[in-house]
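Structure file data35.cif; described as mmCIF, C-alpha atoms.
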```
data_query
#
loop_
_atom_site.label_atom_id
_atom_site.label_comp_id
_atom_site.auth_asym_id
_atom_site.auth_seq_id
_atom_site.Cartn_x
_atom_site.Cartn_y
_atom_site.Cartn_z
CA MET A 1 2.20 -0.64 19.86
CA ALA A 2 1.39 -2.40 16.61
CA SER A 3 3.71 -4.96 15.09
CA ILE A 4 4.17 -4.64 11.31
CA SER A 5 5.87 -7.06 8.90
CA VAL A 6 6.31 -6.83 5.14
CA GLN A 7 7.72 -10.15 3.96
CA ALA A 8 7.92 -12.68 1.14
CA ALA A 9 7.30 -15.61 3.49
CA ASP A 10 3.88 -17.00 4.39
CA PHE A 11 2.40 -16.53 7.87
CA ASP A 12 0.71 -18.81 10.38
CA LEU A 13 -2.55 -17.30 11.66
CA GLY A 14 -2.76 -19.49 14.78
CA LYS A 15 0.82 -18.80 15.78
CA GLU A 16 0.35 -15.05 15.33
CA VAL A 17 -2.78 -15.04 17.50
CA ASP A 18 -0.97 -17.03 20.21
CA LEU A 19 1.91 -14.54 20.16
CA LEU A 20 -0.47 -11.61 20.51
CA LYS A 21 -2.22 -13.22 23.50
CA ALA A 22 0.97 -14.42 25.18
CA ASP A 23 1.72 -11.22 27.12
CA THR A 24 -1.67 -10.55 28.68
CA THR A 25 -4.88 -12.13 29.93
CA SER A 26 -6.90 -8.88 29.69
CA ILE A 27 -7.80 -9.58 26.04
CA GLY A 28 -11.43 -10.63 25.61
CA ALA A 29 -11.77 -10.37 21.82
CA VAL A 30 -9.49 -11.22 18.91
CA VAL A 31 -10.50 -10.37 15.33
CA THR A 32 -8.50 -11.62 12.36
CA PHE A 33 -8.73 -10.82 8.66
CA THR A 34 -6.86 -12.83 6.02
CA GLY A 35 -6.75 -11.70 2.40
CA THR A 36 -5.92 -14.39 -0.18
CA VAL A 37 -5.15 -14.57 -3.90
CA ARG A 38 -8.45 -14.91 -5.74
CA ASP A 39 -8.85 -16.64 -9.11
CA VAL A 40 -12.35 -15.83 -10.34
CA GLY A 41 -12.38 -17.44 -13.77
CA GLY A 42 -9.88 -20.25 -13.22
CA THR A 43 -7.35 -18.53 -15.51
CA LEU A 44 -4.91 -16.98 -13.02
CA SER A 45 -1.51 -18.66 -12.90
CA SER A 46 0.14 -16.25 -10.43
CA MET A 47 -0.01 -12.81 -8.86
CA THR A 48 3.05 -10.65 -8.19
CA LEU A 49 2.98 -7.97 -5.53
CA GLU A 50 5.37 -5.07 -5.95
CA HIS A 51 5.89 -2.62 -3.07
CA TYR A 52 7.85 0.46 -2.01
CA PRO A 53 10.32 -0.76 0.65
CA GLY A 54 10.53 1.74 3.49
CA MET A 55 7.34 3.62 2.68
CA THR A 56 5.28 0.43 2.94
CA GLU A 57 6.29 -0.22 6.56
CA ARG A 58 5.89 3.47 7.36
CA GLU A 59 2.37 3.69 5.92
CA LEU A 60 1.23 0.48 7.64
CA GLY A 61 2.66 1.80 10.91
CA ARG A 62 0.88 5.13 10.47
CA ILE A 63 -2.48 3.45 9.75
CA ALA A 64 -2.05 1.12 12.74
CA SER A 65 -1.20 4.07 15.03
CA GLU A 66 -4.36 5.82 13.87
CA ALA A 67 -6.39 2.68 14.67
CA GLU A 68 -4.78 2.49 18.12
CA SER A 69 -5.69 6.11 18.81
CA ARG A 70 -9.35 5.56 17.81
CA TRP A 71 -10.08 2.28 19.59
CA ALA A 72 -8.98 0.62 22.84
CA LEU A 73 -6.72 -2.05 21.37
CA LEU A 74 -4.69 -4.48 23.47
CA GLY A 75 -2.86 -5.86 20.44
CA CYS A 76 -2.43 -5.13 16.74
CA ARG A 77 -0.52 -7.19 14.16
CA VAL A 78 -0.24 -6.58 10.41
CA ILE A 79 1.62 -8.86 7.97
CA HIS A 80 1.63 -8.15 4.22
CA ARG A 81 3.42 -10.37 1.73
CA HIS A 82 5.22 -9.33 -1.47
CA GLY A 83 6.64 -11.28 -4.41
CA THR A 84 4.98 -13.92 -6.58
CA LEU A 85 2.02 -15.81 -5.12
CA LYS A 86 -0.28 -18.57 -6.38
CA PRO A 87 -4.11 -18.68 -6.30
CA GLY A 88 -5.23 -19.43 -2.75
CA ASP A 89 -2.01 -18.14 -1.18
CA ASN A 90 -2.20 -15.74 1.75
CA ILE A 91 -1.56 -12.05 0.98
CA VAL A 92 -2.36 -10.08 4.12
CA LEU A 93 -3.12 -10.71 7.79
CA VAL A 94 -4.62 -8.19 10.20
CA ILE A 95 -5.17 -9.13 13.85
CA THR A 96 -6.71 -6.79 16.40
CA ALA A 97 -7.33 -7.56 20.06
CA SER A 98 -9.34 -5.68 22.66
CA ALA A 99 -11.23 -6.20 25.92
CA HIS A 100 -14.63 -6.19 24.14
CA ARG A 101 -15.46 -7.12 20.54
CA THR A 102 -16.54 -3.76 19.10
CA ASP A 103 -13.09 -2.15 19.26
CA ALA A 104 -11.37 -5.13 17.63
CA PHE A 105 -14.01 -5.45 14.86
CA LYS A 106 -13.97 -1.75 13.98
CA ALA A 107 -10.19 -1.43 14.12
CA ALA A 108 -9.66 -4.45 11.84
CA GLU A 109 -12.06 -3.05 9.22
CA PHE A 110 -10.49 0.42 9.46
CA LEU A 111 -6.99 -1.06 9.01
CA MET A 112 -8.00 -2.99 5.90
CA ASP A 113 -9.88 -0.03 4.37
CA PHE A 114 -6.88 2.29 4.72
CA LEU A 115 -4.33 -0.39 3.83
CA LYS A 116 -6.14 -0.96 0.50
CA SER A 117 -6.13 2.72 -0.43
CA GLU A 118 -2.85 3.98 1.05
CA ALA A 119 -0.23 1.24 1.52
CA PRO A 120 2.08 1.27 -1.54
CA PHE A 121 1.53 -2.21 -3.02
CA TRP A 122 0.67 -3.03 -6.64
CA LYS A 123 -0.70 -6.35 -7.91
CA LYS A 124 0.07 -7.80 -11.32
CA GLU A 125 -1.90 -10.83 -12.49
CA ARG A 126 -0.45 -13.44 -14.82
CA THR A 127 -2.64 -15.72 -16.96
CA ALA A 128 -1.60 -18.17 -19.69
CA ASP A 129 -1.62 -15.45 -22.35
CA HIS A 130 -0.91 -12.13 -20.66
CA ASP A 131 0.19 -10.05 -17.66
CA SER A 132 -1.91 -7.14 -16.41
CA TRP A 133 -1.81 -4.68 -13.53
CA VAL A 134 -4.85 -4.83 -11.26
CA GLU A 135 -6.86 -1.59 -11.42
CA ALA A 136 -7.70 0.27 -8.22
CA LYS A 137 -11.40 0.11 -7.33
CA VAL A 138 -13.51 3.21 -6.81
CA ALA A 139 -15.34 1.30 -4.04
CA ASP A 140 -12.08 1.07 -2.07
CA THR A 141 -11.68 4.84 -2.03
CA ALA A 142 -15.37 5.29 -1.18
CA ALA A 143 -14.94 2.87 1.76
CA LEU A 144 -12.72 5.45 3.53
CA ARG A 145 -15.56 7.96 3.83
CA LYS A 146 -17.47 5.93 6.40
CA TRP A 147 -14.66 6.61 8.88
CA ASP A 148 -14.96 10.42 8.62
CA GLN A 149 -17.51 10.85 11.41
CA ASP A 150 -16.42 7.94 13.62
CA MET B 1 16.83 14.37 -6.28
CA GLN B 2 16.06 10.69 -6.40
CA LEU B 3 13.12 9.68 -8.61
CA ILE B 4 11.54 6.26 -8.07
CA TYR B 5 8.90 4.67 -10.29
CA PHE B 6 6.59 1.76 -9.52
CA ALA B 7 4.30 -0.68 -11.35
CA SER B 8 2.92 0.55 -14.72
CA VAL B 9 4.79 3.87 -14.43
CA ARG B 10 8.10 1.99 -13.97
CA GLU B 11 7.37 -0.21 -16.98
CA GLN B 12 6.38 2.67 -19.26
CA ILE B 13 9.39 4.82 -18.36
CA GLY B 14 11.69 1.80 -18.49
CA LEU B 15 13.51 2.64 -15.24
CA SER B 16 12.91 1.84 -11.58
CA GLU B 17 14.87 4.85 -10.32
CA GLU B 18 17.18 7.64 -11.41
CA ASP B 19 19.07 10.69 -10.14
CA TYR B 20 17.62 13.91 -11.45
CA ASP B 21 18.73 17.53 -11.12
CA LEU B 22 15.64 19.54 -10.32
CA PRO B 23 15.63 22.51 -12.73
CA PHE B 24 15.77 25.98 -11.20
CA GLY B 25 12.29 27.37 -10.50
CA VAL B 26 10.59 23.97 -10.26
CA SER B 27 9.25 23.80 -6.70
CA THR B 28 6.05 21.74 -6.62
CA VAL B 29 5.05 18.15 -7.44
CA GLU B 30 2.87 19.43 -10.29
CA ALA B 31 5.71 21.47 -11.85
CA LEU B 32 8.06 18.48 -11.49
CA LEU B 33 5.57 16.24 -13.36
CA ASP B 34 5.27 18.86 -16.14
CA THR B 35 9.06 19.00 -16.45
CA LEU B 36 9.38 15.21 -16.57
CA ARG B 37 6.68 14.90 -19.27
CA ALA B 38 8.83 17.06 -21.55
CA ARG B 39 11.80 14.64 -21.24
CA GLY B 40 10.60 12.19 -23.88
CA PRO B 41 7.71 10.16 -25.23
CA GLN B 42 8.01 7.39 -22.63
CA TYR B 43 7.76 9.98 -19.81
CA ALA B 44 4.90 11.76 -21.56
CA SER B 45 2.89 8.54 -21.91
CA ALA B 46 3.69 7.25 -18.40
CA LEU B 47 2.83 10.56 -16.73
CA VAL B 48 -0.19 11.69 -18.79
CA ALA B 49 -1.77 14.73 -17.15
CA GLY B 50 -5.21 14.13 -15.68
CA THR B 51 -4.63 10.41 -15.00
CA LYS B 52 -4.78 9.11 -11.47
CA LEU B 53 -1.04 9.29 -10.77
CA LYS B 54 0.04 9.22 -7.14
CA VAL B 55 3.17 10.86 -5.76
CA ALA B 56 5.09 10.39 -2.52
CA VAL B 57 7.70 12.88 -1.31
CA ASN B 58 10.23 11.37 1.12
CA GLN B 59 7.98 8.30 1.51
CA GLU B 60 4.81 10.21 2.42
CA HIS B 61 1.78 10.64 0.16
CA ALA B 62 1.88 14.14 -1.36
CA ARG B 63 -0.58 16.34 -3.24
CA LEU B 64 0.14 18.10 -6.53
CA ASP B 65 0.76 21.41 -4.75
CA ALA B 66 3.27 19.90 -2.26
CA PRO B 67 6.76 21.45 -2.31
CA VAL B 68 9.78 19.57 -3.69
CA THR B 69 13.51 20.29 -3.44
CA ASN B 70 16.59 18.76 -5.05
CA GLN B 71 17.28 16.81 -1.81
CA ASP B 72 13.98 14.91 -1.92
CA GLU B 73 13.12 11.31 -2.78
CA VAL B 74 10.08 11.51 -5.05
CA ALA B 75 8.17 8.37 -6.02
CA ILE B 76 5.57 8.30 -8.82
CA PHE B 77 3.09 5.43 -9.14
CA PRO B 78 -0.46 4.43 -10.10
CA PRO B 79 -3.20 4.05 -7.43
CA VAL B 80 -2.25 1.27 -5.00
CA THR B 81 -3.85 -2.19 -5.09
CA GLY B 82 -2.58 -4.10 -2.05
CA GLY B 83 -4.55 -6.03 0.54
#
```
Can I see the file as structure tokens?
Amino acid sequence: MASISVQAADFDLGKEVDLLKADTTSIGAVVTFTGTVRDVGGTLSSMTLEHYPGMTERELGRIASEAESRWALLGCRVIHRHGTLKPGDNIVLVITASAHRTDAFKAAEFLMDFLKSEAPFWKKERTADHDSWVEAKVADTAALRKWDQD
Amino acid sequence: MQLIYFASVREQIGLSEEDYDLPFGVSTVEALLDTLRARGPQYASALVAGTKLKVAVNQEHARLDAPVTNQDEVAIFPPVTGG
């Protein structure tokens, strides 16, 4: 059963991995993905993440359940932050654990692909002179297709 | 019904949520969007037909032909950009 958190607070990757491994010694592979606030041109002062409370947790739970039904996971943890963040701050953490590496690798990528296209979050970037909503990328929608035949 | 708006849609309409009486005969997401567009210029510009608007009915992603009733929570928003 996946553990999902949507929170303003930061997370501690090492602590979350330890928690996931605490209950069992049958885990042989742990994969983690951390998404962070990127400032390409050195102009970003902050990024604000808006979300849909209730639906966000529900969507992340649904995506995690789908991952658990496709691969033999022994642990699954998703943390997504909201609110105003600075360049370099953590945004999202996905941890998957399995007996062998392939399940954990595939499940982590699947979770991030679906999270990016289906979890109701919206990013707004602030620079010195203006605020703008981040546009959704066509490549993110296209990334879902590779999971059709899997 | 409860209407909820997010991100650029919220800013253009000027509201984050509102109670709305679903007019008689309006029974799909698409018909609801058409009805809302006729409510004023800010709705018309926020909900321009043919743009990539997304809709959730009772907190689940819904297509334009999905049914809606006056008891539903309907959220309207641009494509998501989390992660």
Exercise for the section: Report as a PyMOL selection string the set of chain B residues whose atoms approach chain A to within 12 Å, with distances computed over only C-alpha atoms. Expected result: chain B and resi 4-11+16-17+52-62+73-83
Problem - Result set, the PyMOL selection byres ((chain B and resi 64) around 9) on current file, as a list in words - result: Thr28, Val29, Glu30, Ala31, Leu33, Lys54, Val55, Ala62, Arg63, Asp65, Ala66 and Pro67 of chain B
Exercise for the section: Would you kindly translate the PyMOL selection byres ((chain A and resi 98-107) around 8) into the concrete residues it picks from this file, as a list in words? Expected result: Ser26, Ile27, Gly28, Ala29, Val30, Val31, Ala67, Glu68, Arg70, Trp71, Ala72, Leu73, Leu74, Gly75, Thr96, Ala97, Ala108, Glu109, Phe110 and Leu111 of chain A
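Across the model, the gap from CA of Ser45 in chain B to CA of Thr127 in chain A is 25.4 Å.
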Exercise for the section: Would you write out, as a VMD selection string, every residue that the PyMOL selection byres ((chain B and resi 20) around 8) captures in this file? Expected result: chain B and resid 1 to 3 18 to 19 21 to 22
Exercise for the section: Find the residues around Tyr43 in chain B up to 9 Å (all atoms listed in the file counted), leave out those fewer than 5 positions away in its own chain, and share them as a list in words. Expected result: Val9, Gln12, Ile13, Leu36, Arg37, Ala38 and Val48 of chain B
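Across A:Val78, A:Arg126, A:Leu13, A:Asp23, the tightest approach to Arg62 in chain A is made by A:Val78 when counting all atoms listed in the file.
Rounded to one decimal, CA of His130 in chain A and CA of Asn90 in chain A lie 22.7 Å from each other.
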Exercise for the section: Could you please determine the separation between CA of Thr69 in chain B and CA of Ser27 in chain B in Å, to one decimal place? Expected result: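 Interatomic distance here is 6.4 Å.
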Quick one: 6 Å padding each side, axis-aligned, all listed atoms of range 26-43 of chain B - centre and edge lengths in Å to one decimal, as JSON?
```
{"center_x": 7.3, "center_y": 15.7, "center_z": -15.9, "size_x": 20.9, "size_y": 28.6, "size_z": 30.6}
```
For range 24-60 of chain B, which lacks atoms in the input, supply N, CA and C atoms and format the output as an mmCIF file, in the frame of the given file.
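So the final result, stored in part-v8.cif, reads:
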```cif
data_model
loop_
_atom_site.group_PDB
_atom_site.id
_atom_site.type_symbol
_atom_site.label_atom_id
_atom_site.label_comp_id
_atom_site.auth_asym_id
_atom_site.auth_seq_id
_atom_site.Cartn_x
_atom_site.Cartn_y
_atom_site.Cartn_z
ATOM 1 N N PHE B 24 16.011 24.772 -11.969
ATOM 2 C CA PHE B 24 15.770 25.980 -11.200
ATOM 3 C C PHE B 24 14.326 26.463 -11.429
ATOM 4 N N GLY B 25 13.657 26.835 -10.360
ATOM 5 C CA GLY B 25 12.290 27.370 -10.500
ATOM 6 C C GLY B 25 11.204 26.310 -10.377
ATOM 7 N N VAL B 26 11.590 25.035 -10.408
ATOM 8 C CA VAL B 26 10.590 23.970 -10.260
ATOM 9 C C VAL B 26 10.475 23.632 -8.770
ATOM 10 N N SER B 27 9.325 23.916 -8.158
ATOM 11 C CA SER B 27 9.250 23.800 -6.700
ATOM 12 C C SER B 27 8.020 23.067 -6.174
ATOM 13 N N THR B 28 7.205 22.518 -7.080
ATOM 14 C CA THR B 28 6.050 21.740 -6.620
ATOM 15 C C THR B 28 6.005 20.396 -7.364
ATOM 16 N N VAL B 29 5.238 19.462 -6.802
ATOM 17 C CA VAL B 29 5.050 18.150 -7.440
ATOM 18 C C VAL B 29 4.497 18.349 -8.858
ATOM 19 N N GLU B 30 3.499 19.218 -8.983
ATOM 20 C CA GLU B 30 2.870 19.430 -10.290
ATOM 21 C C GLU B 30 3.873 19.954 -11.321
ATOM 22 N N ALA B 31 4.712 20.914 -10.917
ATOM 23 C CA ALA B 31 5.710 21.470 -11.850
ATOM 24 C C ALA B 31 6.758 20.412 -12.197
ATOM 25 N N LEU B 32 7.109 19.566 -11.228
ATOM 26 C CA LEU B 32 8.060 18.480 -11.490
ATOM 27 C C LEU B 32 7.475 17.526 -12.543
ATOM 28 N N LEU B 33 6.199 17.149 -12.392
ATOM 29 C CA LEU B 33 5.570 16.240 -13.360
ATOM 30 C C LEU B 33 5.563 16.868 -14.754
ATOM 31 N N ASP B 34 5.263 18.170 -14.842
ATOM 32 C CA ASP B 34 5.270 18.860 -16.140
ATOM 33 C C ASP B 34 6.653 18.792 -16.774
ATOM 34 N N THR B 35 7.687 19.014 -15.956
ATOM 35 C CA THR B 35 9.060 19.000 -16.450
ATOM 36 C C THR B 35 9.451 17.604 -16.945
ATOM 37 N N LEU B 36 9.034 16.588 -16.184
ATOM 38 C CA LEU B 36 9.380 15.210 -16.570
ATOM 39 C C LEU B 36 8.673 14.799 -17.870
ATOM 40 N N ARG B 37 7.434 15.250 -18.050
ATOM 41 C CA ARG B 37 6.680 14.900 -19.270
ATOM 42 C C ARG B 37 7.394 15.379 -20.520
ATOM 43 N N ALA B 38 8.150 16.473 -20.387
ATOM 44 C CA ALA B 38 8.830 17.060 -21.550
ATOM 45 C C ALA B 38 10.145 16.330 -21.861
ATOM 46 N N ARG B 39 10.507 15.315 -21.053
ATOM 47 C CA ARG B 39 11.800 14.640 -21.240
ATOM 48 C C ARG B 39 11.788 13.596 -22.355
ATOM 49 N N GLY B 40 10.620 13.199 -22.819
ATOM 50 C CA GLY B 40 10.600 12.190 -23.880
ATOM 51 C C GLY B 40 9.264 11.499 -23.946
ATOM 52 N N PRO B 41 9.028 10.776 -25.040
ATOM 53 C CA PRO B 41 7.710 10.160 -25.230
ATOM 54 C C PRO B 41 7.354 9.134 -24.146
ATOM 55 N N GLN B 42 8.350 8.396 -23.646
ATOM 56 C CA GLN B 42 8.010 7.390 -22.630
ATOM 57 C C GLN B 42 7.572 8.057 -21.333
ATOM 58 N N TYR B 43 8.187 9.229 -21.000
ATOM 59 C CA TYR B 43 7.760 9.980 -19.810
ATOM 60 C C TYR B 43 6.370 10.570 -20.046
ATOM 61 N N ALA B 44 6.184 11.131 -21.249
ATOM 62 C CA ALA B 44 4.900 11.760 -21.560
ATOM 63 C C ALA B 44 3.750 10.753 -21.459
ATOM 64 N N SER B 45 3.989 9.514 -21.947
ATOM 65 C CA SER B 45 2.890 8.540 -21.910
ATOM 66 C C SER B 45 2.711 7.942 -20.508
ATOM 67 N N ALA B 46 3.805 7.810 -19.752
ATOM 68 C CA ALA B 46 3.690 7.250 -18.400
ATOM 69 C C ALA B 46 3.037 8.240 -17.432
ATOM 70 N N LEU B 47 3.243 9.528 -17.693
ATOM 71 C CA LEU B 47 2.830 10.560 -16.730
ATOM 72 C C LEU B 47 1.738 11.464 -17.305
ATOM 73 N N VAL B 48 0.866 10.894 -18.139
ATOM 74 C CA VAL B 48 -0.190 11.690 -18.790
ATOM 75 C C VAL B 48 -0.960 12.533 -17.764
ATOM 76 N N ALA B 49 -1.066 13.812 -18.057
ATOM 77 C CA ALA B 49 -1.770 14.730 -17.150
ATOM 78 C C ALA B 49 -3.237 14.324 -17.049
ATOM 79 N N GLY B 50 -3.793 14.445 -15.848
ATOM 80 C CA GLY B 50 -5.210 14.130 -15.680
ATOM 81 C C GLY B 50 -5.457 12.674 -15.322
ATOM 82 N N THR B 51 -4.433 11.803 -15.433
ATOM 83 C CA THR B 51 -4.630 10.410 -15.000
ATOM 84 C C THR B 51 -4.446 10.354 -13.490
ATOM 85 N N LYS B 52 -4.794 9.205 -12.930
ATOM 86 C CA LYS B 52 -4.780 9.110 -11.470
ATOM 87 C C LYS B 52 -3.396 8.764 -10.933
ATOM 88 N N LEU B 53 -2.385 9.538 -11.295
ATOM 89 C CA LEU B 53 -1.040 9.290 -10.770
ATOM 90 C C LEU B 53 -0.989 9.653 -9.293
ATOM 91 N N LYS B 54 -0.182 8.897 -8.544
ATOM 92 C CA LYS B 54 0.040 9.220 -7.140
ATOM 93 C C LYS B 54 1.525 9.561 -6.973
ATOM 94 N N VAL B 55 1.791 10.443 -6.006
ATOM 95 C CA VAL B 55 3.170 10.860 -5.760
ATOM 96 C C VAL B 55 3.444 10.810 -4.267
ATOM 97 N N ALA B 56 4.648 10.336 -3.914
ATOM 98 C CA ALA B 56 5.090 10.390 -2.520
ATOM 99 C C ALA B 56 6.392 11.192 -2.472
ATOM 100 N N VAL B 57 6.472 12.114 -1.521
ATOM 101 C CA VAL B 57 7.700 12.880 -1.310
ATOM 102 C C VAL B 57 8.299 12.409 0.004
ATOM 103 N N ASN B 58 9.541 11.924 -0.054
ATOM 104 C CA ASN B 58 10.230 11.370 1.120
ATOM 105 C C ASN B 58 9.350 10.330 1.842
ATOM 106 N N GLN B 59 8.748 9.453 1.024
ATOM 107 C CA GLN B 59 7.980 8.300 1.510
ATOM 108 C C GLN B 59 6.687 8.662 2.227
ATOM 109 N N GLU B 60 6.140 9.863 1.921
ATOM 110 C CA GLU B 60 4.810 10.210 2.420
ATOM 111 C C GLU B 60 3.953 10.666 1.249
#
```
